[in-house]
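structure_33.cif follows; it contains mmCIF, C-alpha atoms and all ligand atoms.
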data_query
#
loop_
_atom_site.group_PDB
_atom_site.id
_atom_site.type_symbol
_atom_site.label_atom_id
_atom_site.label_comp_id
_atom_site.auth_asym_id
_atom_site.auth_seq_id
_atom_site.Cartn_x
_atom_site.Cartn_y
_atom_site.Cartn_z
ATOM 1 C CA MET A 1 -2.600 -5.030 18.879
ATOM 2 C CA LYS A 2 -2.562 -2.963 15.714
ATOM 3 C CA ILE A 3 -0.808 0.376 15.948
ATOM 4 C CA SER A 4 -3.965 2.097 14.702
ATOM 5 C CA ASP A 5 -5.910 0.601 17.635
ATOM 6 C CA LYS A 6 -3.213 1.743 20.035
ATOM 7 C CA ILE A 7 -3.440 5.281 18.641
ATOM 8 C CA LYS A 8 -7.224 5.141 18.856
ATOM 9 C CA ASN A 9 -7.052 4.033 22.500
ATOM 10 C CA PHE A 10 -4.450 6.684 23.227
ATOM 11 C CA PHE A 11 -6.776 9.477 22.099
ATOM 12 C CA LEU A 12 -9.832 8.061 23.915
ATOM 13 C CA GLY A 13 -11.130 10.521 26.484
ATOM 14 C CA LYS A 14 -8.365 13.070 25.802
ATOM 15 C CA SER A 15 -9.446 16.496 24.620
ATOM 16 C CA ALA A 16 -5.963 18.006 24.848
ATOM 17 C CA LEU A 17 -2.438 16.627 25.304
ATOM 18 C CA ASN A 18 0.257 17.710 27.740
ATOM 19 C CA GLU A 19 3.998 17.513 26.947
ATOM 20 C CA ASP A 20 4.341 13.970 28.306
ATOM 21 C CA GLN A 21 1.378 12.816 26.288
ATOM 22 C CA PHE A 22 2.818 14.314 23.108
ATOM 23 C CA ASP A 23 5.994 12.347 23.886
ATOM 24 C CA ASP A 24 3.913 9.190 24.320
ATOM 25 C CA LEU A 25 2.305 9.782 20.936
ATOM 26 C CA CYS A 26 5.759 10.186 19.403
ATOM 27 C CA ASP A 27 6.769 6.834 20.928
ATOM 28 C CA LEU A 28 3.654 5.233 19.485
ATOM 29 C CA LEU A 29 4.477 6.485 15.988
ATOM 30 C CA ILE A 30 8.011 5.132 16.320
ATOM 31 C CA GLU A 31 6.584 1.811 17.476
ATOM 32 C CA GLY A 32 4.470 1.818 14.299
ATOM 33 C CA ASP A 33 7.675 1.918 12.163
ATOM 34 C CA PHE A 34 7.768 5.666 11.653
ATOM 35 C CA GLY A 35 11.353 6.898 11.603
ATOM 36 C CA ALA A 36 12.280 8.695 14.831
ATOM 37 C CA ALA A 37 12.970 12.059 13.159
ATOM 38 C CA LEU A 38 9.737 12.009 11.202
ATOM 39 C CA ALA A 39 7.748 10.972 14.283
ATOM 40 C CA TYR A 40 9.254 13.877 16.217
ATOM 41 C CA ASN A 41 8.535 16.384 13.439
ATOM 42 C CA THR A 42 4.989 15.142 13.025
ATOM 43 C CA VAL A 43 4.295 15.509 16.736
ATOM 44 C CA GLU A 44 5.837 19.002 16.749
ATOM 45 C CA LEU A 45 3.548 20.015 13.898
ATOM 46 C CA LEU A 46 0.585 18.558 15.744
ATOM 47 C CA LYS A 47 1.520 20.604 18.830
ATOM 48 C CA GLU A 48 1.685 23.721 16.667
ATOM 49 C CA ARG A 49 -1.763 23.102 15.228
ATOM 50 C CA CYS A 50 -3.192 22.312 18.640
ATOM 51 C CA LYS A 51 -2.089 25.690 19.967
ATOM 52 C CA LYS A 52 -4.662 27.364 17.760
ATOM 53 C CA ASP A 53 -7.376 24.772 18.267
ATOM 54 C CA SER A 54 -7.057 21.560 20.193
ATOM 55 C CA SER A 55 -10.303 19.935 19.059
ATOM 56 C CA ASP A 56 -10.472 16.715 17.039
ATOM 57 C CA LEU A 57 -6.978 15.436 17.786
ATOM 58 C CA PRO A 58 -7.237 12.206 15.748
ATOM 59 C CA GLU A 59 -8.544 14.190 12.759
ATOM 60 C CA LYS A 60 -5.619 16.586 13.051
ATOM 61 C CA LEU A 61 -3.149 13.725 13.200
ATOM 62 C CA ALA A 62 -4.807 12.047 10.196
ATOM 63 C CA GLN A 63 -4.553 15.311 8.276
ATOM 64 C CA LEU A 64 -0.826 15.582 9.039
ATOM 65 C CA LEU A 65 -0.249 11.972 8.048
ATOM 66 C CA GLU A 66 -2.083 12.476 4.797
ATOM 67 C CA GLU A 67 0.038 15.542 4.057
ATOM 68 C CA GLU A 68 3.165 13.389 4.531
ATOM 69 C CA LEU A 69 1.820 10.836 2.059
ATOM 70 C CA LEU A 70 1.220 13.538 -0.521
ATOM 71 C CA LYS A 71 4.824 14.728 -0.454
ATOM 72 C CA ALA A 72 5.917 12.272 -3.140
ATOM 73 C CA GLU A 73 6.429 13.189 -6.721
ATOM 74 C CA ASN A 74 3.273 12.351 -8.522
ATOM 75 C CA CYS A 75 3.218 9.007 -10.260
ATOM 76 C CA GLU A 76 0.931 8.829 -13.274
ATOM 77 C CA ALA A 77 -1.887 6.453 -12.507
ATOM 78 C CA PHE A 78 -1.314 2.970 -13.808
ATOM 79 C CA PRO A 79 -2.971 1.423 -15.685
ATOM 80 C CA GLY A 80 -5.312 3.472 -17.835
ATOM 81 C CA GLN A 81 -2.917 4.908 -20.417
ATOM 82 C CA GLU A 82 -3.143 4.671 -24.161
ATOM 83 C CA LYS A 83 0.574 4.088 -24.580
ATOM 84 C CA LEU A 84 2.243 0.707 -24.158
ATOM 85 C CA THR A 85 3.403 0.483 -20.553
ATOM 86 C CA ALA A 86 6.317 -1.601 -19.347
ATOM 87 C CA VAL A 87 6.369 -2.307 -15.621
ATOM 88 C CA LEU A 88 9.367 -3.813 -13.894
ATOM 89 C CA ILE A 89 8.546 -5.440 -10.549
ATOM 90 C CA LEU A 90 11.565 -5.276 -8.252
ATOM 91 C CA GLY A 91 12.441 -6.182 -4.704
ATOM 92 C CA VAL A 92 14.337 -8.398 -2.302
ATOM 93 C CA ASN A 93 13.584 -12.108 -1.924
ATOM 94 C CA GLY A 94 10.133 -13.252 -0.930
ATOM 95 C CA VAL A 95 8.422 -9.875 -0.646
ATOM 96 C CA GLY A 96 5.634 -10.874 -3.053
ATOM 97 C CA LYS A 97 6.912 -9.774 -6.481
ATOM 98 C CA THR A 98 5.541 -12.688 -8.503
ATOM 99 C CA THR A 99 2.169 -12.647 -6.754
ATOM 100 C CA THR A 100 1.958 -8.885 -7.262
ATOM 101 C CA ALA A 101 2.824 -9.162 -10.966
ATOM 102 C CA ALA A 102 -0.099 -11.596 -11.321
ATOM 103 C CA LYS A 103 -2.406 -9.356 -9.268
ATOM 104 C CA LEU A 104 -1.553 -6.365 -11.449
ATOM 105 C CA SER A 105 -2.287 -8.359 -14.571
ATOM 106 C CA TYR A 106 -5.627 -9.399 -13.089
ATOM 107 C CA MET A 107 -6.416 -5.806 -12.129
ATOM 108 C CA CYS A 108 -5.579 -4.517 -15.612
ATOM 109 C CA SER A 109 -7.938 -6.920 -17.301
ATOM 110 C CA SER A 110 -10.751 -7.075 -14.748
ATOM 111 C CA GLN A 111 -10.952 -3.384 -13.813
ATOM 112 C CA PHE A 112 -9.481 -1.522 -16.770
ATOM 113 C CA ASN A 113 -10.118 -3.811 -19.698
ATOM 114 C CA LYS A 114 -6.418 -3.714 -20.622
ATOM 115 C CA LYS A 115 -4.511 -6.552 -22.241
ATOM 116 C CA THR A 116 -1.380 -7.546 -20.380
ATOM 117 C CA LEU A 117 1.549 -9.810 -20.969
ATOM 118 C CA LEU A 118 3.722 -11.238 -18.217
ATOM 119 C CA ALA A 119 7.488 -11.418 -18.669
ATOM 120 C CA ALA A 120 9.343 -14.077 -16.674
ATOM 121 C CA ALA A 121 12.467 -12.029 -16.026
ATOM 122 C CA ASP A 122 13.288 -13.993 -12.877
ATOM 123 C CA THR A 123 15.578 -16.400 -14.694
ATOM 124 C CA PHE A 124 17.537 -17.068 -11.518
ATOM 125 C CA ARG A 125 15.346 -19.109 -9.174
ATOM 126 C CA ALA A 126 14.601 -22.626 -10.420
ATOM 127 C CA ALA A 127 10.821 -22.628 -10.070
ATOM 128 C CA ALA A 128 10.215 -18.965 -10.841
ATOM 129 C CA ILE A 129 9.368 -19.369 -14.522
ATOM 130 C CA ASP A 130 6.866 -22.165 -13.851
ATOM 131 C CA GLN A 131 5.338 -20.164 -10.996
ATOM 132 C CA LEU A 132 4.624 -17.286 -13.371
ATOM 133 C CA LYS A 133 3.364 -19.645 -16.087
ATOM 134 C CA ILE A 134 0.842 -21.112 -13.659
ATOM 135 C CA HIS A 135 -0.431 -17.601 -12.932
ATOM 136 C CA GLY A 136 -0.569 -16.955 -16.680
ATOM 137 C CA GLU A 137 -2.716 -20.026 -17.216
ATOM 138 C CA LYS A 138 -5.107 -19.134 -14.405
ATOM 139 C CA LEU A 139 -5.395 -15.564 -15.636
ATOM 140 C CA ASN A 140 -5.514 -16.494 -19.295
ATOM 141 C CA THR A 141 -2.542 -14.199 -19.867
ATOM 142 C CA ARG A 142 0.400 -14.871 -22.127
ATOM 143 C CA VAL A 143 3.773 -15.351 -20.430
ATOM 144 C CA VAL A 144 6.997 -14.616 -22.307
ATOM 145 C CA ALA A 145 9.797 -16.749 -20.882
ATOM 146 C CA HIS A 146 13.296 -17.941 -21.708
ATOM 147 C CA LYS A 147 15.259 -20.760 -20.107
ATOM 148 C CA GLN A 148 16.426 -20.648 -16.515
ATOM 149 C CA GLY A 149 19.793 -18.936 -16.282
ATOM 150 C CA GLY A 150 19.093 -16.738 -19.298
ATOM 151 C CA ASP A 151 19.518 -12.997 -19.533
ATOM 152 C CA PRO A 152 16.607 -11.279 -17.747
ATOM 153 C CA ALA A 153 16.981 -8.149 -19.871
ATOM 154 C CA ALA A 154 16.538 -10.246 -23.025
ATOM 155 C CA VAL A 155 13.255 -11.641 -21.663
ATOM 156 C CA VAL A 156 11.872 -8.152 -21.155
ATOM 157 C CA TYR A 157 13.170 -7.157 -24.586
ATOM 158 C CA ASP A 158 11.295 -10.048 -26.225
ATOM 159 C CA ALA A 159 8.173 -9.356 -24.185
ATOM 160 C CA LEU A 160 8.148 -5.767 -25.455
ATOM 161 C CA GLU A 161 8.520 -6.952 -29.049
ATOM 162 C CA ALA A 162 5.652 -9.395 -28.544
ATOM 163 C CA ALA A 163 3.549 -6.639 -26.959
ATOM 164 C CA VAL A 164 3.895 -4.375 -29.982
ATOM 165 C CA SER A 165 2.905 -7.088 -32.431
ATOM 166 C CA GLY A 166 0.189 -8.508 -30.166
ATOM 167 C CA ASN A 167 -1.706 -5.315 -29.366
ATOM 168 C CA ILE A 168 -0.850 -5.522 -25.701
ATOM 169 C CA ASP A 169 -1.336 -2.530 -23.380
ATOM 170 C CA THR A 170 0.941 -3.463 -20.513
ATOM 171 C CA VAL A 171 3.977 -5.688 -20.047
ATOM 172 C CA ILE A 172 4.503 -6.690 -16.439
ATOM 173 C CA ALA A 173 7.950 -8.112 -15.783
ATOM 174 C CA ASP A 174 8.586 -10.235 -12.715
ATOM 175 C CA THR A 175 12.254 -10.074 -11.704
ATOM 176 C CA ALA A 176 14.466 -12.141 -9.420
ATOM 177 C CA GLY A 177 14.630 -11.370 -5.738
ATOM 178 C CA ARG A 178 17.841 -9.497 -5.075
ATOM 179 C CA MET A 179 19.144 -8.459 -1.718
ATOM 180 C CA HIS A 180 19.877 -4.764 -1.664
ATOM 181 C CA THR A 181 23.049 -5.511 0.272
ATOM 182 C CA LYS A 182 24.610 -7.561 -2.568
ATOM 183 C CA SER A 183 26.262 -5.125 -4.938
ATOM 184 C CA ALA A 184 26.613 -7.595 -7.864
ATOM 185 C CA LEU A 185 22.840 -8.082 -7.906
ATOM 186 C CA VAL A 186 22.261 -4.349 -7.801
ATOM 187 C CA GLU A 187 24.689 -3.933 -10.726
ATOM 188 C CA GLU A 188 22.795 -6.586 -12.689
ATOM 189 C CA LEU A 189 19.631 -4.637 -12.059
ATOM 190 C CA LYS A 190 21.204 -1.501 -13.513
ATOM 191 C CA LYS A 191 21.995 -3.461 -16.659
ATOM 192 C CA ILE A 192 18.405 -4.699 -16.997
ATOM 193 C CA ASP A 193 17.295 -1.119 -16.499
ATOM 194 C CA ARG A 194 19.556 0.188 -19.282
ATOM 195 C CA VAL A 195 18.315 -2.406 -21.775
ATOM 196 C CA VAL A 196 14.646 -1.843 -20.982
ATOM 197 C CA GLU A 197 15.091 1.927 -20.987
ATOM 198 C CA GLN A 198 16.438 1.770 -24.555
ATOM 199 C CA LYS A 199 13.947 -0.751 -25.803
ATOM 200 C CA ALA A 200 10.992 0.945 -24.134
ATOM 201 C CA SER A 201 11.913 4.423 -25.363
ATOM 202 C CA SER A 202 8.545 4.910 -27.022
ATOM 203 C CA ALA A 203 6.638 3.171 -24.226
ATOM 204 C CA ARG A 204 5.930 4.307 -20.700
ATOM 205 C CA TYR A 205 8.456 2.615 -18.453
ATOM 206 C CA LEU A 206 7.728 2.198 -14.744
ATOM 207 C CA LYS A 207 9.872 0.650 -12.038
ATOM 208 C CA TYR A 208 8.004 -0.423 -8.947
ATOM 209 C CA LEU A 209 9.659 -1.675 -5.798
ATOM 210 C CA VAL A 210 7.734 -4.272 -3.806
ATOM 211 C CA LEU A 211 8.102 -3.891 -0.043
ATOM 212 C CA ASP A 212 6.844 -6.366 2.523
ATOM 213 C CA ALA A 213 5.047 -4.424 5.266
ATOM 214 C CA THR A 214 6.133 -6.990 7.861
ATOM 215 C CA THR A 215 9.844 -6.158 7.429
ATOM 216 C CA GLY A 216 9.502 -2.913 9.345
ATOM 217 C CA ARG A 217 12.182 -0.249 9.095
ATOM 218 C CA ASN A 218 14.376 -2.449 6.884
ATOM 219 C CA ALA A 219 11.990 -1.620 4.048
ATOM 220 C CA PHE A 220 13.329 1.932 4.155
ATOM 221 C CA ALA A 221 16.902 0.734 3.562
ATOM 222 C CA GLN A 222 15.685 -1.414 0.654
ATOM 223 C CA ALA A 223 13.895 1.539 -0.911
ATOM 224 C CA GLU A 224 16.979 3.751 -0.531
ATOM 225 C CA VAL A 225 19.291 1.277 -2.299
ATOM 226 C CA PHE A 226 16.932 0.371 -5.146
ATOM 227 C CA HIS A 227 16.010 4.002 -5.687
ATOM 228 C CA SER A 228 19.608 5.126 -5.906
ATOM 229 C CA ALA A 229 20.411 2.241 -8.300
ATOM 230 C CA VAL A 230 17.604 2.679 -10.836
ATOM 231 C CA LYS A 231 15.447 5.661 -9.867
ATOM 232 C CA LEU A 232 12.174 4.041 -8.954
ATOM 233 C CA ASP A 233 8.725 5.326 -9.919
ATOM 234 C CA GLY A 234 6.861 3.984 -6.951
ATOM 235 C CA VAL A 235 6.426 1.432 -4.202
ATOM 236 C CA ILE A 236 3.964 -1.418 -3.827
ATOM 237 C CA LEU A 237 3.318 -2.365 -0.216
ATOM 238 C CA THR A 238 2.479 -6.054 0.264
ATOM 239 C CA LYS A 239 1.344 -8.167 3.219
ATOM 240 C CA TYR A 240 -0.349 -5.210 4.835
ATOM 241 C CA ASP A 241 -2.851 -7.795 6.107
ATOM 242 C CA SER A 242 -0.059 -9.466 8.100
ATOM 243 C CA THR A 243 1.359 -6.509 9.978
ATOM 244 C CA ALA A 244 0.210 -4.423 12.911
ATOM 245 C CA LYS A 245 2.346 -1.515 11.725
ATOM 246 C CA GLY A 246 3.199 -0.254 8.220
ATOM 247 C CA GLY A 247 4.324 3.239 9.220
ATOM 248 C CA VAL A 248 7.596 2.833 7.325
ATOM 249 C CA ILE A 249 5.887 4.115 4.193
ATOM 250 C CA PHE A 250 5.588 7.590 5.723
ATOM 251 C CA SER A 251 9.354 8.055 5.722
ATOM 252 C CA ILE A 252 9.692 6.439 2.292
ATOM 253 C CA VAL A 253 7.310 8.996 0.829
ATOM 254 C CA SER A 254 8.498 11.923 2.864
ATOM 255 C CA GLU A 255 12.265 11.379 2.673
ATOM 256 C CA LEU A 256 12.701 9.612 -0.672
ATOM 257 C CA LYS A 257 9.765 11.366 -2.365
ATOM 258 C CA LEU A 258 8.593 8.000 -3.667
ATOM 259 C CA PRO A 259 4.853 7.498 -4.068
ATOM 260 C CA ILE A 260 3.106 4.388 -2.793
ATOM 261 C CA VAL A 261 1.147 3.138 -5.781
ATOM 262 C CA PHE A 262 -0.547 -0.088 -4.720
ATOM 263 C CA ILE A 263 -1.288 -1.852 -1.461
ATOM 264 C CA CYS A 264 -1.800 -5.614 -1.159
ATOM 265 C CA THR A 265 -3.767 -7.256 1.604
ATOM 266 C CA GLY A 266 -3.776 -10.979 0.893
ATOM 267 C CA GLU A 267 -2.750 -13.806 -1.387
ATOM 268 C CA LYS A 268 -5.690 -13.753 -3.784
ATOM 269 C CA TYR A 269 -5.633 -11.978 -7.162
ATOM 270 C CA GLY A 270 -8.199 -9.445 -6.005
ATOM 271 C CA ASP A 271 -6.243 -8.494 -2.867
ATOM 272 C CA ILE A 272 -4.711 -5.372 -4.392
ATOM 273 C CA ASP A 273 -5.864 -1.761 -4.416
ATOM 274 C CA ILE A 274 -4.638 1.500 -5.795
ATOM 275 C CA PHE A 275 -3.096 3.232 -2.791
ATOM 276 C CA ASN A 276 -5.336 5.835 -1.207
ATOM 277 C CA PRO A 277 -3.318 8.257 1.008
ATOM 278 C CA LYS A 278 -6.367 9.651 2.790
ATOM 279 C CA LYS A 279 -7.720 6.209 3.655
ATOM 280 C CA PHE A 280 -4.324 4.935 4.835
ATOM 281 C CA ALA A 281 -3.695 8.057 6.951
ATOM 282 C CA ARG A 282 -7.124 7.916 8.585
ATOM 283 C CA GLU A 283 -6.832 4.225 9.368
ATOM 284 C CA PHE A 284 -3.344 4.709 10.796
ATOM 285 C CA ALA A 285 -4.630 7.489 13.049
ATOM 286 C CA GLY A 286 -7.283 5.090 14.353
ATOM 287 C CA ILE A 287 -10.232 6.678 12.573
ATOM 288 C CA GLU A 288 -12.696 4.390 10.714
HETATM 289 N N1 LIG B 301 -0.652 -12.362 3.382
HETATM 290 C C1 LIG B 301 -0.118 -11.962 2.224
HETATM 291 N N2 LIG B 301 0.731 -12.788 1.588
HETATM 292 C C2 LIG B 301 1.254 -12.351 0.423
HETATM 293 C C3 LIG B 301 0.942 -11.089 -0.138
HETATM 294 N N3 LIG B 301 1.646 -10.959 -1.283
HETATM 295 C C4 LIG B 301 2.356 -12.106 -1.439
HETATM 296 N N4 LIG B 301 2.128 -12.954 -0.417
HETATM 297 C C5 LIG B 301 2.714 -14.284 -0.187
HETATM 298 O O1 LIG B 301 4.124 -14.146 -0.013
HETATM 299 C C6 LIG B 301 4.791 -15.317 -0.459
HETATM 300 C C7 LIG B 301 5.905 -14.942 -1.433
HETATM 301 O O2 LIG B 301 5.316 -14.422 -2.608
HETATM 302 P P1 LIG B 301 6.050 -14.380 -4.010
HETATM 303 O O3 LIG B 301 5.158 -13.622 -4.923
HETATM 304 O O4 LIG B 301 6.490 -15.716 -4.443
HETATM 305 O O5 LIG B 301 7.310 -13.506 -3.617
HETATM 306 P P2 LIG B 301 8.558 -13.112 -4.528
HETATM 307 O O6 LIG B 301 8.985 -11.757 -4.118
HETATM 308 O O7 LIG B 301 8.220 -13.312 -5.957
HETATM 309 O O8 LIG B 301 9.640 -14.184 -4.054
HETATM 310 P P3 LIG B 301 11.040 -14.541 -4.786
HETATM 311 O O9 LIG B 301 10.771 -14.642 -6.249
HETATM 312 O O10 LIG B 301 11.449 -15.850 -4.167
HETATM 313 O O11 LIG B 301 11.992 -13.441 -4.437
HETATM 314 C C8 LIG B 301 3.714 -16.194 -1.091
HETATM 315 O O12 LIG B 301 3.337 -17.167 -0.162
HETATM 316 C C9 LIG B 301 2.575 -15.220 -1.359
HETATM 317 O O13 LIG B 301 1.316 -15.844 -1.377
HETATM 318 C C10 LIG B 301 0.034 -10.232 0.592
HETATM 319 O O14 LIG B 301 -0.283 -9.097 0.226
HETATM 320 N N5 LIG B 301 -0.458 -10.730 1.762
HETATM 321 MG MG MG B 302 9.155 -14.396 -7.440
#
Exercise: express the given structure as structure tokens:
Amino acid sequence: MKISDKIKNFFLGKSALNEDQFDDLCDLLIEGDFGAALAYNTVELLKERCKKDSSDLPEKLAQLLEEELLKAENCEAFPGQEKLTAVLILGVNGVGKTTTAAKLSYMCSSQFNKKTLLAAADTFRAAAIDQLKIHGEKLNTRVVAHKQGGDPAAVVYDALEAAVSGNIDTVIADTAGRMHTKSALVEELKKIDRVVEQKASSARYLKYLVLDATTGRNAFAQAEVFHSAVKLDGVILTKYDSTAKGGVIFSIVSELKLPIVFICTGEKYGDIDIFNPKKFAREFAGIE
């Protein structure tokens, strides 16, 4: 059962909560991938607010959850800018980076009338370049690629050059899956970041970490490592359709101050939305 349904059932028929019930709610939040400390603090705040007025418990919880999701530093909306934007799509293996790069390209052209270019900066995995090229063909989007084994930073560099001469609005670079626990891969990422930072000095440069909602609390550790390596701009949550939980994003926003920028709910190009904190918070609290 989805955590939001469990929370909904929990509140059914309850107009006020006693101490034990507040503890049960805390356990439910933890079960939904909230960190323990954040779950405890959230429940304490809820208790505080209930002292004054105990009506509409689910609404009060939703309000608190939304406040958590607004604690991140603001990320400028993407796309929709006049400037050339370079987006680096990062994450561990298999989280949905390549699919998300394609979805973002589709979103840019179908919703915002922006021209994109895909950069095949995953030069590591054998089939990665072809995988992106297939997306490029389906989306009628140019893909800049080098040979397998090449320097990923050089691919992004070339893609940015091509963007300037080709009147492109946004370069979306797919990168290789790298485990956050392997320091050599994290170092390589820092190098890519340095090159793109220099090359993209006149462009807007965004680094988005893709997190698979089904990985639970491990997503928090991934966000911590990537953020400390390259200072991320935001998180894209994928596979939200395949999890009953997803509460890990509350601690990512609240503790790392990283905004969630997009949420993906399927394998099709259209299965991506700009993240809406209010909607997510209300759904999590079992409302709507
Ligand atoms: N259900 C669901 N599946 C998704 C979503 N996003 C991606 N996938 C699937 O997840 C699998 C992996 O996606 P990729 O885009 O290849 O992942 P990746 O991070 O590029 O993988 P590597 O390059 O190998 O590290 C594919 O089968 C995708 O269709 C999503 O939001 N929901
Ligand atoms: Mg990939």
- request: Translate the PyMOL selection byres (((not hetatm)) within 12 of (chain B and resi 302)), as applied to the file shown, into an explicit residue set as a ChimeraX atom specification.
  value: /A:89-102,119-133,135,173-178,210
task: Kindly indicate which residue among A:Lys103, A:Arg282, A:Arg142, A:Lys115 lies nearest to ligand LIG 301 (chain B), using all atoms listed in the file for the distances.
output: A:Lys103
Selection in question (the file shown): the PyMOL selection byres (((chain A and resi 38) around 10) and not hetatm). Which residues does it include, as an mmCIF file with C-alpha atoms, in the frame of the given file?
data_model
loop_
_atom_site.group_PDB
_atom_site.id
_atom_site.type_symbol
_atom_site.label_atom_id
_atom_site.label_comp_id
_atom_site.auth_asym_id
_atom_site.auth_seq_id
_atom_site.Cartn_x
_atom_site.Cartn_y
_atom_site.Cartn_z
ATOM 1 C CA CYS A 26 5.759 10.186 19.403
ATOM 2 C CA LEU A 29 4.477 6.485 15.988
ATOM 3 C CA ILE A 30 8.011 5.132 16.320
ATOM 4 C CA PHE A 34 7.768 5.666 11.653
ATOM 5 C CA GLY A 35 11.353 6.898 11.603
ATOM 6 C CA ALA A 36 12.280 8.695 14.831
ATOM 7 C CA ALA A 37 12.970 12.059 13.159
ATOM 8 C CA ALA A 39 7.748 10.972 14.283
ATOM 9 C CA TYR A 40 9.254 13.877 16.217
ATOM 10 C CA ASN A 41 8.535 16.384 13.439
ATOM 11 C CA THR A 42 4.989 15.142 13.025
ATOM 12 C CA VAL A 43 4.295 15.509 16.736
ATOM 13 C CA GLU A 44 5.837 19.002 16.749
ATOM 14 C CA GLU A 68 3.165 13.389 4.531
ATOM 15 C CA PHE A 250 5.588 7.590 5.723
ATOM 16 C CA SER A 251 9.354 8.055 5.722
ATOM 17 C CA SER A 254 8.498 11.923 2.864
ATOM 18 C CA GLU A 255 12.265 11.379 2.673
#
- request: Using the chain letters and numbers from the file, give me the residues hit by the PyMOL selection byres (((chain A and resi 113) around 12) and not hetatm), as a list in words.
  value: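 That expression, the PyMOL selection byres (((chain A and resi 113) around 12) and not hetatm), corresponds here to Pro79, Gly80, Gln81, Glu82, Ser105, Tyr106, Met107, Cys108, Ser109, Ser110, Gln111, Phe112, Lys114, Lys115, Thr116, Ile168, Asp169 and Thr170 of chain A.
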- prompt: Quick one: distance from atom CA of A:Lys2 to atom CA of A:Val248 in Å, one decimal?
  reply: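 That distance, rounded to one decimal, is 14.4 Å.
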message: Excluding A:Leu206 and its own-chain neighbours fewer than 6 positions away, which residues fall within 7 Å of it when counting all atoms listed in the file? Please give them as an MDAnalysis selection string.
response: chainID A and resid 86:88 233
Using the file's own x, y and z axes, what box holds all listed atoms of ligand LIG 301 (chain B) with 4 Å on each side, keeping edges along x, y and z, and what are its centre and edge lengths in Å to one decimal, as JSON?
{"center_x": 5.7, "center_y": -13.1, "center_z": -1.4, "size_x": 20.6, "size_y": 16.1, "size_z": 17.6}
query: At what distance in Å, to one decimal, does atom CA of A:Ile274 lie from atom CA of A:Pro259?
result: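 Taking atom CA of A:Pro259 and atom CA of A:Ile274, their separation equals 11.4 Å.
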query: Of the candidates A:Leu117, A:Cys50, A:Tyr157, A:Thr215, which one gets nearest to A:Asn140 if we count only C-alpha atoms?
result: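 The closest residue to A:Asn140 is A:Leu117.
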Which of A:Ile263, A:Leu118, A:Ile172, A:Val155 sits closest to ligand LIG 301 (chain B) [using all atoms listed in the file]: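 Looking at the shortest contact to ligand LIG 301 (chain B), the residue is A:Ile263.
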field: For ligand LIG 301 (chain B), the nearest of the candidates A:Val253, A:Leu209, A:Leu84, A:Ala219, counting all atoms listed in the file
entry: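 For ligand LIG 301 (chain B), the nearest of the given residues is A:Leu209.
Among the candidates A:Leu28, A:Leu160, A:Leu61, A:Ala72, the residue lying nearest to A:Ile249 is A:Ala72 (atoms considered: only C-alpha atoms).
One finds atom CA of A:Ala213 at 5.5 Å from atom CA of A:Tyr240.
When all atoms listed in the file are used to compute distances to A:Phe275, the closest of the residues A:Glu137, A:Lys182, A:Ser242, A:Leu69 turns out to be A:Leu69.
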task: Tell me which protein, DNA and RNA residues are within 9 Å of A:Leu258, counting only C-alpha atoms, leaving out same-chain ones fewer than 4 positions away, and put them as a PyMOL selection string.
output: chain A and resi 71-75+223+227+232-235+252-254
If we count only C-alpha atoms and set the cut-off at 12 Å, which residues sit around A:Ile287, ignoring sequence neighbours fewer than 3 positions away in its own chain? Please answer as a PDB file with C-alpha atoms, keeping the file's coordinate frame.
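In the end it all went to selection.pdb:
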ATOM      1  CA  ILE A   3      -0.808   0.376  15.948  1.00  0.00           C
ATOM      2  CA  SER A   4      -3.965   2.097  14.702  1.00  0.00           C
ATOM      3  CA  ASP A   5      -5.910   0.601  17.635  1.00  0.00           C
ATOM      4  CA  LYS A   6      -3.213   1.743  20.035  1.00  0.00           C
ATOM      5  CA  ILE A   7      -3.440   5.281  18.641  1.00  0.00           C
ATOM      6  CA  LYS A   8      -7.224   5.141  18.856  1.00  0.00           C
ATOM      7  CA  ASN A   9      -7.052   4.033  22.500  1.00  0.00           C
ATOM      8  CA  PHE A  11      -6.776   9.477  22.099  1.00  0.00           C
ATOM      9  CA  LEU A  12      -9.832   8.061  23.915  1.00  0.00           C
ATOM     10  CA  ASP A  56     -10.472  16.715  17.039  1.00  0.00           C
ATOM     11  CA  LEU A  57      -6.978  15.436  17.786  1.00  0.00           C
ATOM     12  CA  PRO A  58      -7.237  12.206  15.748  1.00  0.00           C
ATOM     13  CA  GLU A  59      -8.544  14.190  12.759  1.00  0.00           C
ATOM     14  CA  LYS A  60      -5.619  16.586  13.051  1.00  0.00           C
ATOM     15  CA  LEU A  61      -3.149  13.725  13.200  1.00  0.00           C
ATOM     16  CA  ALA A  62      -4.807  12.047  10.196  1.00  0.00           C
ATOM     17  CA  GLN A  63      -4.553  15.311   8.276  1.00  0.00           C
ATOM     18  CA  LYS A 278      -6.367   9.651   2.790  1.00  0.00           C
ATOM     19  CA  LYS A 279      -7.720   6.209   3.655  1.00  0.00           C
ATOM     20  CA  PHE A 280      -4.324   4.935   4.835  1.00  0.00           C
ATOM     21  CA  ALA A 281      -3.695   8.057   6.951  1.00  0.00           C
ATOM     22  CA  ARG A 282      -7.124   7.916   8.585  1.00  0.00           C
ATOM     23  CA  GLU A 283      -6.832   4.225   9.368  1.00  0.00           C
ATOM     24  CA  PHE A 284      -3.344   4.709  10.796  1.00  0.00           C
TER      25      PHE A 284
END
